[in-house]
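Source file structure-v6.cif; content: mmCIF, C-alpha atoms and all ligand atoms.
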```cif
data_model
loop_
_atom_site.group_PDB
_atom_site.id
_atom_site.type_symbol
_atom_site.label_atom_id
_atom_site.label_comp_id
_atom_site.auth_asym_id
_atom_site.auth_seq_id
_atom_site.Cartn_x
_atom_site.Cartn_y
_atom_site.Cartn_z
ATOM 1 C CA MET A 1 5.392 -17.742 8.024
ATOM 2 C CA THR A 2 2.916 -17.672 5.178
ATOM 3 C CA THR A 3 -0.756 -17.001 5.541
ATOM 4 C CA PRO A 4 -2.973 -19.790 4.221
ATOM 5 C CA ARG A 5 -5.282 -18.575 1.467
ATOM 6 C CA THR A 6 -8.826 -19.778 1.551
ATOM 7 C CA GLY A 7 -12.016 -18.704 -0.171
ATOM 8 C CA SER A 8 -12.387 -16.071 -2.823
ATOM 9 C CA PRO A 9 -9.806 -13.313 -3.242
ATOM 10 C CA LEU A 10 -10.385 -9.973 -1.537
ATOM 11 C CA LEU A 11 -9.126 -7.817 -4.376
ATOM 12 C CA VAL A 12 -9.092 -8.760 -8.055
ATOM 13 C CA ALA A 13 -7.798 -6.921 -11.116
ATOM 14 C CA ASP A 14 -9.078 -8.360 -14.375
ATOM 15 C CA ASP A 15 -7.531 -7.502 -17.732
ATOM 16 C CA LEU A 16 -6.624 -3.920 -16.881
ATOM 17 C CA THR A 17 -5.348 -1.637 -19.582
ATOM 18 C CA LYS A 18 -4.166 1.906 -18.997
ATOM 19 C CA THR A 19 -2.436 4.256 -21.396
ATOM 20 C CA PHE A 20 -0.918 7.664 -20.771
ATOM 21 C CA GLY A 21 -0.724 9.359 -24.166
ATOM 22 C CA VAL A 22 1.282 6.992 -26.339
ATOM 23 C CA THR A 23 2.593 4.995 -23.363
ATOM 24 C CA THR A 24 0.874 1.739 -22.505
ATOM 25 C CA ALA A 25 1.356 1.397 -18.747
ATOM 26 C CA LEU A 26 -0.919 -1.653 -18.334
ATOM 27 C CA ASP A 27 -1.656 -4.168 -21.040
ATOM 28 C CA ASN A 28 -4.285 -6.704 -19.906
ATOM 29 C CA ALA A 29 -2.874 -6.969 -16.408
ATOM 30 C CA SER A 30 -4.627 -9.351 -14.008
ATOM 31 C CA ILE A 31 -3.865 -10.162 -10.396
ATOM 32 C CA GLN A 32 -5.582 -11.434 -7.267
ATOM 33 C CA VAL A 33 -4.926 -10.472 -3.654
ATOM 34 C CA HIS A 34 -6.172 -12.636 -0.802
ATOM 35 C CA ALA A 35 -7.049 -11.423 2.686
ATOM 36 C CA GLY A 36 -4.042 -11.278 4.953
ATOM 37 C CA GLU A 37 -1.384 -12.040 2.357
ATOM 38 C CA VAL A 38 1.712 -9.986 1.655
ATOM 39 C CA LEU A 39 2.134 -9.660 -2.111
ATOM 40 C CA ALA A 40 5.210 -8.083 -3.704
ATOM 41 C CA LEU A 41 4.954 -6.551 -7.179
ATOM 42 C CA MET A 42 8.391 -6.601 -8.749
ATOM 43 C CA GLY A 43 9.726 -5.788 -12.198
ATOM 44 C CA PRO A 44 11.826 -3.304 -14.145
ATOM 45 C CA SER A 45 11.459 0.443 -13.927
ATOM 46 C CA GLY A 46 8.528 1.714 -15.989
ATOM 47 C CA SER A 47 6.938 -1.741 -16.270
ATOM 48 C CA GLY A 48 3.637 -0.600 -14.747
ATOM 49 C CA LYS A 49 3.922 -1.591 -11.065
ATOM 50 C CA SER A 50 2.808 1.736 -9.593
ATOM 51 C CA THR A 51 0.015 2.091 -12.138
ATOM 52 C CA LEU A 52 -1.256 -1.368 -11.209
ATOM 53 C CA LEU A 53 -1.098 -0.504 -7.510
ATOM 54 C CA HIS A 54 -2.955 2.773 -8.125
ATOM 55 C CA CYS A 55 -5.661 0.958 -10.099
ATOM 56 C CA LEU A 56 -6.035 -1.698 -7.380
ATOM 57 C CA ALA A 57 -6.386 1.077 -4.787
ATOM 58 C CA GLY A 58 -9.000 2.972 -6.790
ATOM 59 C CA ILE A 59 -6.704 5.990 -7.228
ATOM 60 C CA VAL A 60 -6.377 5.609 -11.006
ATOM 61 C CA ALA A 61 -9.234 4.418 -13.224
ATOM 62 C CA PRO A 62 -8.205 1.834 -15.834
ATOM 63 C CA ASP A 63 -9.218 2.459 -19.459
ATOM 64 C CA SER A 64 -10.690 -1.023 -19.582
ATOM 65 C CA GLY A 65 -10.881 -4.046 -17.345
ATOM 66 C CA ARG A 66 -12.258 -4.302 -13.862
ATOM 67 C CA VAL A 67 -11.158 -4.061 -10.242
ATOM 68 C CA THR A 68 -13.327 -5.777 -7.663
ATOM 69 C CA TYR A 69 -12.970 -5.421 -3.906
ATOM 70 C CA ALA A 70 -14.912 -7.905 -1.760
ATOM 71 C CA GLY A 71 -17.074 -8.630 -4.771
ATOM 72 C CA GLN A 72 -17.874 -4.967 -5.489
ATOM 73 C CA ASP A 73 -16.871 -3.380 -8.787
ATOM 74 C CA VAL A 74 -14.565 -0.518 -7.764
ATOM 75 C CA SER A 75 -14.496 0.928 -11.291
ATOM 76 C CA ALA A 76 -18.289 1.305 -11.241
ATOM 77 C CA MET A 77 -18.453 3.094 -7.860
ATOM 78 C CA SER A 78 -19.174 6.806 -7.595
ATOM 79 C CA ASP A 79 -16.193 8.974 -6.635
ATOM 80 C CA VAL A 80 -17.697 9.516 -3.189
ATOM 81 C CA ARG A 81 -18.098 5.793 -2.589
ATOM 82 C CA ARG A 82 -14.585 5.041 -3.868
ATOM 83 C CA SER A 83 -13.107 7.708 -1.569
ATOM 84 C CA ALA A 84 -14.987 6.227 1.363
ATOM 85 C CA LEU A 85 -13.630 2.787 0.478
ATOM 86 C CA ARG A 86 -10.076 4.152 0.398
ATOM 87 C CA ARG A 87 -10.546 5.899 3.746
ATOM 88 C CA THR A 88 -12.083 2.986 5.603
ATOM 89 C CA GLU A 89 -10.689 -0.191 4.018
ATOM 90 C CA PHE A 90 -7.284 0.812 2.662
ATOM 91 C CA GLY A 91 -4.055 2.257 4.042
ATOM 92 C CA PHE A 92 -1.167 3.764 2.076
ATOM 93 C CA VAL A 93 2.589 4.065 2.522
ATOM 94 C CA PHE A 94 4.711 5.778 -0.109
ATOM 95 C CA GLN A 95 8.444 6.127 -0.632
ATOM 96 C CA PHE A 96 8.643 9.424 1.192
ATOM 97 C CA GLY A 97 6.184 9.103 4.055
ATOM 98 C CA GLN A 98 4.139 12.104 2.914
ATOM 99 C CA LEU A 99 3.350 13.103 6.448
ATOM 100 C CA VAL A 100 1.770 16.488 7.067
ATOM 101 C CA PRO A 101 4.756 18.651 8.115
ATOM 102 C CA GLU A 102 2.739 21.023 10.333
ATOM 103 C CA LEU A 103 1.314 18.229 12.490
ATOM 104 C CA THR A 104 3.165 16.207 15.120
ATOM 105 C CA CYS A 105 3.875 12.555 14.334
ATOM 106 C CA LEU A 106 1.100 11.578 16.763
ATOM 107 C CA GLU A 107 -1.388 13.901 15.050
ATOM 108 C CA ASN A 108 -0.347 12.504 11.660
ATOM 109 C CA VAL A 109 -1.105 8.956 12.774
ATOM 110 C CA ALA A 110 -4.385 9.997 14.403
ATOM 111 C CA LEU A 111 -5.504 11.924 11.311
ATOM 112 C CA PRO A 112 -7.113 9.056 9.323
ATOM 113 C CA LEU A 113 -9.171 8.194 12.410
ATOM 114 C CA ARG A 114 -10.208 11.802 12.955
ATOM 115 C CA LEU A 115 -11.308 11.936 9.294
ATOM 116 C CA THR A 116 -13.632 9.007 9.886
ATOM 117 C CA GLY A 117 -15.201 10.705 12.920
ATOM 118 C CA VAL A 118 -13.264 9.095 15.792
ATOM 119 C CA GLY A 119 -12.934 11.458 18.782
ATOM 120 C CA ARG A 120 -9.578 13.085 19.545
ATOM 121 C CA ARG A 121 -8.845 11.198 22.758
ATOM 122 C CA GLU A 122 -9.612 7.779 21.273
ATOM 123 C CA ALA A 123 -7.727 8.581 18.053
ATOM 124 C CA HIS A 124 -4.667 9.647 20.041
ATOM 125 C CA ARG A 125 -4.858 6.559 22.220
ATOM 126 C CA ARG A 126 -4.868 4.258 19.190
ATOM 127 C CA ALA A 127 -2.154 6.276 17.447
ATOM 128 C CA THR A 128 0.060 6.120 20.543
ATOM 129 C CA ASP A 129 -0.450 2.371 20.744
ATOM 130 C CA LEU A 130 0.689 1.898 17.147
ATOM 131 C CA LEU A 131 3.642 4.271 17.464
ATOM 132 C CA THR A 132 4.742 2.178 20.444
ATOM 133 C CA ARG A 133 4.391 -1.078 18.490
ATOM 134 C CA LEU A 134 6.438 0.424 15.670
ATOM 135 C CA GLU A 135 9.075 1.538 18.202
ATOM 136 C CA VAL A 136 8.760 5.285 17.527
ATOM 137 C CA ALA A 137 6.789 6.456 20.564
ATOM 138 C CA ASP A 138 9.669 8.855 21.289
ATOM 139 C CA VAL A 139 8.890 10.981 18.209
ATOM 140 C CA ALA A 140 5.142 11.254 18.962
ATOM 141 C CA ARG A 141 5.357 14.931 19.968
ATOM 142 C CA LYS A 142 7.863 15.870 17.261
ATOM 143 C CA ARG A 143 7.067 17.101 13.790
ATOM 144 C CA PRO A 144 8.071 14.796 10.897
ATOM 145 C CA GLY A 145 10.921 17.165 9.967
ATOM 146 C CA GLN A 146 12.516 16.455 13.358
ATOM 147 C CA ALA A 147 12.428 12.671 12.889
ATOM 148 C CA SER A 148 14.964 10.593 10.934
ATOM 149 C CA GLY A 149 14.024 9.010 7.588
ATOM 150 C CA GLY A 150 13.575 5.593 9.183
ATOM 151 C CA GLN A 151 11.483 7.008 12.027
ATOM 152 C CA GLY A 152 9.367 8.939 9.533
ATOM 153 C CA GLN A 153 8.623 5.799 7.534
ATOM 154 C CA ARG A 154 7.607 3.946 10.696
ATOM 155 C CA VAL A 155 5.251 6.813 11.503
ATOM 156 C CA ALA A 156 3.880 6.515 7.936
ATOM 157 C CA VAL A 157 3.357 2.776 8.482
ATOM 158 C CA ALA A 158 1.541 3.515 11.756
ATOM 159 C CA ARG A 159 -0.685 6.002 9.948
ATOM 160 C CA ALA A 160 -1.471 3.418 7.243
ATOM 161 C CA LEU A 161 -2.431 0.786 9.826
ATOM 162 C CA VAL A 162 -4.291 2.910 12.373
ATOM 163 C CA THR A 163 -7.741 2.414 10.833
ATOM 164 C CA ASP A 164 -7.285 -1.392 10.845
ATOM 165 C CA PRO A 165 -7.522 -1.479 7.044
ATOM 166 C CA LYS A 166 -8.103 -4.665 5.096
ATOM 167 C CA VAL A 167 -5.360 -3.771 2.591
ATOM 168 C CA VAL A 168 -2.242 -1.624 2.880
ATOM 169 C CA PHE A 169 -0.730 -0.429 -0.400
ATOM 170 C CA ALA A 170 2.973 0.295 -0.097
ATOM 171 C CA ASP A 171 4.840 1.835 -3.048
ATOM 172 C CA GLU A 172 8.602 1.529 -2.507
ATOM 173 C CA PRO A 173 8.086 2.078 1.248
ATOM 174 C CA THR A 174 11.774 1.566 2.001
ATOM 175 C CA GLY A 175 13.151 3.108 -1.194
ATOM 176 C CA ALA A 176 14.551 6.180 0.546
ATOM 177 C CA LEU A 177 16.125 4.268 3.463
ATOM 178 C CA ASP A 178 19.448 2.512 3.945
ATOM 179 C CA SER A 179 19.174 -1.266 3.923
ATOM 180 C CA LEU A 180 19.210 -1.707 7.712
ATOM 181 C CA ASN A 181 16.422 0.818 8.285
ATOM 182 C CA GLY A 182 14.557 -0.523 5.243
ATOM 183 C CA GLU A 183 14.560 -4.062 6.564
ATOM 184 C CA ARG A 184 13.411 -2.937 9.995
ATOM 185 C CA VAL A 185 10.509 -0.974 8.490
ATOM 186 C CA MET A 186 9.523 -4.038 6.435
ATOM 187 C CA GLN A 187 9.720 -6.314 9.480
ATOM 188 C CA LEU A 188 7.524 -3.959 11.471
ATOM 189 C CA LEU A 189 5.039 -3.454 8.625
ATOM 190 C CA VAL A 190 4.684 -7.174 7.947
ATOM 191 C CA THR A 191 4.467 -8.124 11.634
ATOM 192 C CA ALA A 192 1.816 -5.493 12.353
ATOM 193 C CA ALA A 193 -0.137 -6.459 9.222
ATOM 194 C CA ARG A 194 -0.070 -10.156 10.161
ATOM 195 C CA GLU A 195 -1.306 -9.371 13.681
ATOM 196 C CA THR A 196 -4.390 -7.686 12.251
ATOM 197 C CA GLY A 197 -4.877 -9.906 9.173
ATOM 198 C CA THR A 198 -4.223 -6.945 6.882
ATOM 199 C CA ALA A 199 -3.177 -7.738 3.303
ATOM 200 C CA VAL A 200 -0.166 -5.816 1.995
ATOM 201 C CA VAL A 201 0.408 -5.015 -1.676
ATOM 202 C CA LEU A 202 3.980 -3.895 -1.977
ATOM 203 C CA VAL A 203 5.853 -2.415 -4.948
ATOM 204 C CA THR A 204 9.591 -2.876 -4.690
ATOM 205 C CA HIS A 205 12.746 -3.229 -6.762
ATOM 206 C CA GLU A 206 14.635 -4.874 -3.951
ATOM 207 C CA ALA A 207 14.769 -8.641 -3.503
ATOM 208 C CA ARG A 208 15.581 -8.121 0.191
ATOM 209 C CA VAL A 209 12.325 -6.250 0.653
ATOM 210 C CA ALA A 210 10.322 -8.718 -1.446
ATOM 211 C CA ALA A 211 11.695 -11.498 0.770
ATOM 212 C CA TYR A 212 9.203 -10.390 3.442
ATOM 213 C CA SER A 213 6.276 -11.222 1.162
ATOM 214 C CA ASP A 214 4.303 -14.449 0.857
ATOM 215 C CA ARG A 215 4.181 -14.174 -2.902
ATOM 216 C CA GLU A 216 5.957 -12.297 -5.665
ATOM 217 C CA ALA A 217 4.420 -11.322 -8.987
ATOM 218 C CA VAL A 218 6.503 -9.803 -11.766
ATOM 219 C CA VAL A 219 5.176 -6.904 -13.835
ATOM 220 C CA ARG A 220 6.778 -6.576 -17.263
ATOM 221 C CA ASP A 221 5.620 -4.384 -20.144
ATOM 222 C CA GLY A 222 2.319 -3.750 -18.387
ATOM 223 C CA ARG A 223 1.502 -7.422 -17.923
ATOM 224 C CA VAL A 224 1.670 -9.525 -14.767
ATOM 225 C CA ARG A 225 3.471 -12.780 -14.506
ATOM 226 C CA ASP A 226 1.966 -14.349 -11.428
ATOM 227 C CA PRO A 227 3.069 -17.968 -11.134
ATOM 228 C CA GLU A 228 0.113 -18.807 -8.937
ATOM 229 C CA TYR A 229 -2.570 -17.439 -11.216
ATOM 230 C CA ALA A 230 -1.012 -17.889 -14.652
ATOM 231 C CA ARG A 231 -3.605 -17.499 -17.376
HETATM 232 N N1 LIG B 301 0.658 10.047 -14.844
HETATM 233 C C1 LIG B 301 1.397 9.600 -15.865
HETATM 234 N N2 LIG B 301 1.515 10.315 -16.992
HETATM 235 C C2 LIG B 301 2.234 9.878 -18.044
HETATM 236 N N3 LIG B 301 2.887 8.689 -18.055
HETATM 237 C C3 LIG B 301 2.796 7.927 -16.950
HETATM 238 C C4 LIG B 301 2.050 8.333 -15.803
HETATM 239 N N4 LIG B 301 2.142 7.356 -14.859
HETATM 240 C C5 LIG B 301 2.916 6.404 -15.403
HETATM 241 N N5 LIG B 301 3.313 6.727 -16.641
HETATM 242 C C6 LIG B 301 4.137 5.906 -17.544
HETATM 243 O O1 LIG B 301 3.608 4.594 -17.553
HETATM 244 C C7 LIG B 301 4.651 3.629 -17.515
HETATM 245 C C8 LIG B 301 4.506 2.761 -16.273
HETATM 246 O O2 LIG B 301 4.795 3.588 -15.131
HETATM 247 P P1 LIG B 301 4.763 3.032 -13.642
HETATM 248 O O3 LIG B 301 5.104 4.179 -12.747
HETATM 249 O O4 LIG B 301 3.506 2.318 -13.406
HETATM 250 O O5 LIG B 301 5.963 1.983 -13.680
HETATM 251 P P2 LIG B 301 6.786 1.356 -12.469
HETATM 252 O O6 LIG B 301 7.017 -0.055 -12.837
HETATM 253 O O7 LIG B 301 6.106 1.622 -11.185
HETATM 254 O O8 LIG B 301 8.137 2.189 -12.571
HETATM 255 P P3 LIG B 301 9.221 2.527 -11.429
HETATM 256 O O9 LIG B 301 9.699 1.206 -10.928
HETATM 257 O O10 LIG B 301 10.270 3.270 -12.174
HETATM 258 O O11 LIG B 301 8.519 3.349 -10.403
HETATM 259 C C9 LIG B 301 5.960 4.404 -17.574
HETATM 260 O O12 LIG B 301 6.371 4.475 -18.934
HETATM 261 C C10 LIG B 301 5.567 5.771 -17.053
HETATM 262 O O13 LIG B 301 6.415 6.758 -17.595
#
```

Turn the structure described in the file into structure tokens.
Ligand SMILES: Nc1ncnc2c1ncn2[C@@H]1O[C@H](COP(=O)(O)OP(=O)(O)OP(=O)(O)O)[C@@H](O)[C@H]1O
Amino acid sequence: MTTPRTGSPLLVADDLTKTFGVTTALDNASIQVHAGEVLALMGPSGSGKSTLLHCLAGIVAPDSGRVTYAGQDVSAMSDVRRSALRRTEFGFVFQFGQLVPELTCLENVALPLRLTGVGRREAHRRATDLLTRLEVADVARKRPGQASGGQGQRVAVARALVTDPKVVFADEPTGALDSLNGERVMQLLVTAARETGTAVVLVTHEARVAAYSDREAVVRDGRVRDPEYAR
């Protein structure tokens, strides 16, 4: 099922360039993300996918060009404002879940809520609800090190979704999993995101993973080939 796109895009990258020393990671890259859509960024290794995702998420500042979120210029925001945007509007899933090893899986999922001032009981209630939807309620009291790779990634997905973000950024979220576990994590991520109207920006090498998206854009040599918004 694809999500119909209406109105102006939620997140826009316009002509981004980014260099690291002599390496040009982004070379006038532009892309648009609409509310509720699942967008896959594909392309060869080193083509600039992660850098584009990091710029879209306000983690990396482009050298030139502009990122706008809901009409606001992310590049022009103060660091404090950009951090607040990331905490409240965005969620993140990386290849290795990056869960806090000392906390239980439940505490990991509740953490983003606690950081935005939600009380412990309410945060745990919402975290438990999501762990149940992602079929990992049984690891709630365990630490991440006691969960399997697939369970850990589901916990990471729950943590990314717990604040009801408008956009989840997922960088190779299934890259460390076997194909069966990877597909299940993608199914659960996409289903949960669709239920809440959350957009997903996904970096992947795998066509099987990209198949869960509404739209694929190819990043090559720091530029985006996006059939829908060719310019
Ligand atoms: N922090 C950094 N410092 C130096 N070079 C970097 C940095 N981040 C990225 N690069 C370089 O920029 C280019 C684009 O990297 P990027 O990680 O965005 O590509 P990618 O398409 O995500 O690659 P992969 O699929 O292998 O993860 C590469 O040549 C990479 O080595």

Please, which residues in chain A fall within 7 Å of ligand LIG 301 (chain B) when counting all atoms listed in the file, and what is the closest atom pair and distance in Å to one decimal for each, ordered by chain then residue number, as a Markdown table?
```
| residue | atom | partner | partner_atom | distance |
| --- | --- | --- | --- | --- |
| A:Phe20 | CA | B:LIG301 | C2 | 4.7 |
| A:Gly21 | CA | B:LIG301 | C2 | 6.8 |
| A:Thr23 | CA | B:LIG301 | O12 | 5.8 |
| A:Thr24 | CA | B:LIG301 | O1 | 6.3 |
| A:Ala25 | CA | B:LIG301 | O1 | 4.1 |
| A:Gly43 | CA | B:LIG301 | O6 | 6.4 |
| A:Pro44 | CA | B:LIG301 | O9 | 5.9 |
| A:Ser45 | CA | B:LIG301 | O10 | 3.5 |
| A:Gly46 | CA | B:LIG301 | O5 | 3.5 |
| A:Ser47 | CA | B:LIG301 | O6 | 3.8 |
| A:Gly48 | CA | B:LIG301 | O4 | 3.2 |
| A:Lys49 | CA | B:LIG301 | O6 | 3.9 |
| A:Ser50 | CA | B:LIG301 | O7 | 3.7 |
| A:Thr51 | CA | B:LIG301 | O4 | 3.7 |
| A:Leu52 | CA | B:LIG301 | O4 | 6.4 |
| A:His205 | CA | B:LIG301 | O9 | 6.8 |
```

* **CA of Val155 in chain A to CA of Asp129 in chain A, distance in Å rounded to a single decimal** => 11.7 Å

* To do: With a distance cut-off of 8 Å and all atoms listed in the file, select the neighbouring residues of Arg66 in chain A, excluding the residue or stretch itself and same-chain residues fewer than 5 positions from it, and output the selection as a PyMOL selection string.
  => chain A and resi 12-16+73-75

* To do: Check which residues satisfy the PyMOL selection byres (((chain A and resi 182-193) around 9) and not hetatm) in the file shown, then give them as a PyMOL selection string.
  => chain A and resi 36-38+130+133-135+150-151+153-154+157-158+161+164+167-168+173-181+194-200+208-209+212-213

* Which residue, A:Pro144, A:Ala217, A:Val109, A:Arg120, has the smallest gap to Thr132 in chain A when you use all atoms listed in the file? ->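 Nearest to Thr132 in chain A: A:Val109.
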
How big is the axis-aligned box around all listed atoms of range 19-32 of chain A once 3 Å goes on each side, and where's its centre, in Å to one decimal, as lines of an AutoDock Vina configuration file?
```
center_x = -1.5
center_y = -1.0
center_z = -16.8
size_x = 14.2
size_y = 26.8
size_z = 25.1
```

* To do: Record the distance separating CA of Ala140 in chain A and CA of Thr104 in chain A, expressed in Å with one decimal.
  =>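 Here the two named atoms are 6.6 Å from each other.
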
* Asked: In Å to one decimal, how far is CA of Thr17 in chain A from CA of Arg223 in chain A?
  ->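 Pair CA of Arg223 in chain A / CA of Thr17 in chain A returns 9.1 Å.
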
* To do: Name all residues at most 7 Å from Leu10 in chain A (count only C-alpha atoms; drop same-chain ones fewer than 6 positions away) and give them as a list in words.
  => Val33, His34, Ala35, Tyr69 and Ala70 of chain A

* Asked: Which one is closest to Cys105 in chain A: A:Ser148, A:Ser64, A:Asn28, A:Thr19? Count all atoms listed in the file.
  ->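 The shortest atom-to-atom distance to Cys105 in chain A comes from A:Ser148.
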
* Asked: Of the residues A:Asp63, A:Asp171, A:Asp27, A:Glu216, which is the one nearest to Phe94 in chain A, using all atoms listed in the file?
  ->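 So, comparing all the options, the nearest one is A:Asp171.
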
* Asked: With all atoms listed in the file as the atoms that count, which of A:Val67, A:Leu202, A:Leu103, A:Val118 lies nearest to Val139 in chain A?
  ->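 The answer is A:Leu103, which sits nearest to Val139 in chain A.
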
* Hits from the PyMOL selection byres (((chain A and resi 86) around 12) and not hetatm), listed as a VMD selection string -> chain A and resid 54 to 59 69 74 77 79 to 85 87 to 92 112 115 to 116 160 163 165 to 169

* **Selected residue of minimal separation from Gln146 in chain A among A:Leu113, A:Leu131, A:Leu99, A:Val60, counting only C-alpha atoms** =>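 Answer, going by the shortest atom-to-atom distance: A:Leu99.
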
* Using only C-alpha atoms, find the one residue out of A:Arg125, A:Val162, A:Arg141, A:Leu41 that sits nearest to Asp226 in chain A. =>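 Among the listed residues, the smallest separation from Asp226 in chain A belongs to A:Leu41.
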
Can you rebuild range 108-126 of chain A with N, CA and C atoms and give it as a short mmCIF file (atom, residue, chain, number, x, y, z; two decimals), in the frame of the given file?
```cif
data_model
loop_
_atom_site.label_atom_id
_atom_site.label_comp_id
_atom_site.auth_asym_id
_atom_site.auth_seq_id
_atom_site.Cartn_x
_atom_site.Cartn_y
_atom_site.Cartn_z
N ASN A 108 -0.34 13.11 12.99
CA ASN A 108 -0.35 12.50 11.66
C ASN A 108 -0.97 11.11 11.70
N VAL A 109 -0.59 10.33 12.69
CA VAL A 109 -1.10 8.96 12.77
C VAL A 109 -2.59 8.97 13.14
N ALA A 110 -2.98 9.92 13.98
CA ALA A 110 -4.38 10.00 14.40
C ALA A 110 -5.30 10.52 13.30
N LEU A 111 -4.70 11.22 12.32
CA LEU A 111 -5.50 11.92 11.31
C LEU A 111 -6.52 11.04 10.56
N PRO A 112 -6.11 9.88 10.04
CA PRO A 112 -7.11 9.06 9.32
C PRO A 112 -8.30 8.68 10.20
N LEU A 113 -8.06 8.52 11.50
CA LEU A 113 -9.17 8.19 12.41
C LEU A 113 -10.07 9.41 12.59
N ARG A 114 -9.43 10.57 12.77
CA ARG A 114 -10.21 11.80 12.96
C ARG A 114 -11.10 12.05 11.73
N LEU A 115 -10.55 11.72 10.53
CA LEU A 115 -11.31 11.94 9.29
C LEU A 115 -12.50 11.00 9.17
N THR A 116 -12.46 9.89 9.93
CA THR A 116 -13.63 9.01 9.89
C THR A 116 -14.52 9.22 11.11
N GLY A 117 -14.28 10.31 11.85
CA GLY A 117 -15.20 10.70 12.92
C GLY A 117 -14.84 10.20 14.30
N VAL A 118 -13.67 9.56 14.46
CA VAL A 118 -13.26 9.10 15.79
C VAL A 118 -12.84 10.30 16.63
N GLY A 119 -13.25 10.33 17.89
CA GLY A 119 -12.93 11.46 18.78
C GLY A 119 -11.43 11.57 19.02
N ARG A 120 -11.01 12.79 19.42
CA ARG A 120 -9.58 13.08 19.55
C ARG A 120 -8.88 12.16 20.54
N ARG A 121 -9.48 11.99 21.70
CA ARG A 121 -8.85 11.20 22.76
C ARG A 121 -8.64 9.75 22.31
N GLU A 122 -9.69 9.16 21.73
CA GLU A 122 -9.61 7.78 21.27
C GLU A 122 -8.62 7.65 20.12
N ALA A 123 -8.65 8.62 19.20
CA ALA A 123 -7.73 8.58 18.05
C ALA A 123 -6.28 8.66 18.54
N HIS A 124 -6.03 9.52 19.52
CA HIS A 124 -4.67 9.65 20.04
C HIS A 124 -4.24 8.41 20.81
N ARG A 125 -5.19 7.79 21.50
CA ARG A 125 -4.86 6.56 22.22
C ARG A 125 -4.42 5.47 21.23
N ARG A 126 -5.19 5.31 20.16
CA ARG A 126 -4.87 4.26 19.19
C ARG A 126 -3.58 4.59 18.43
#
```
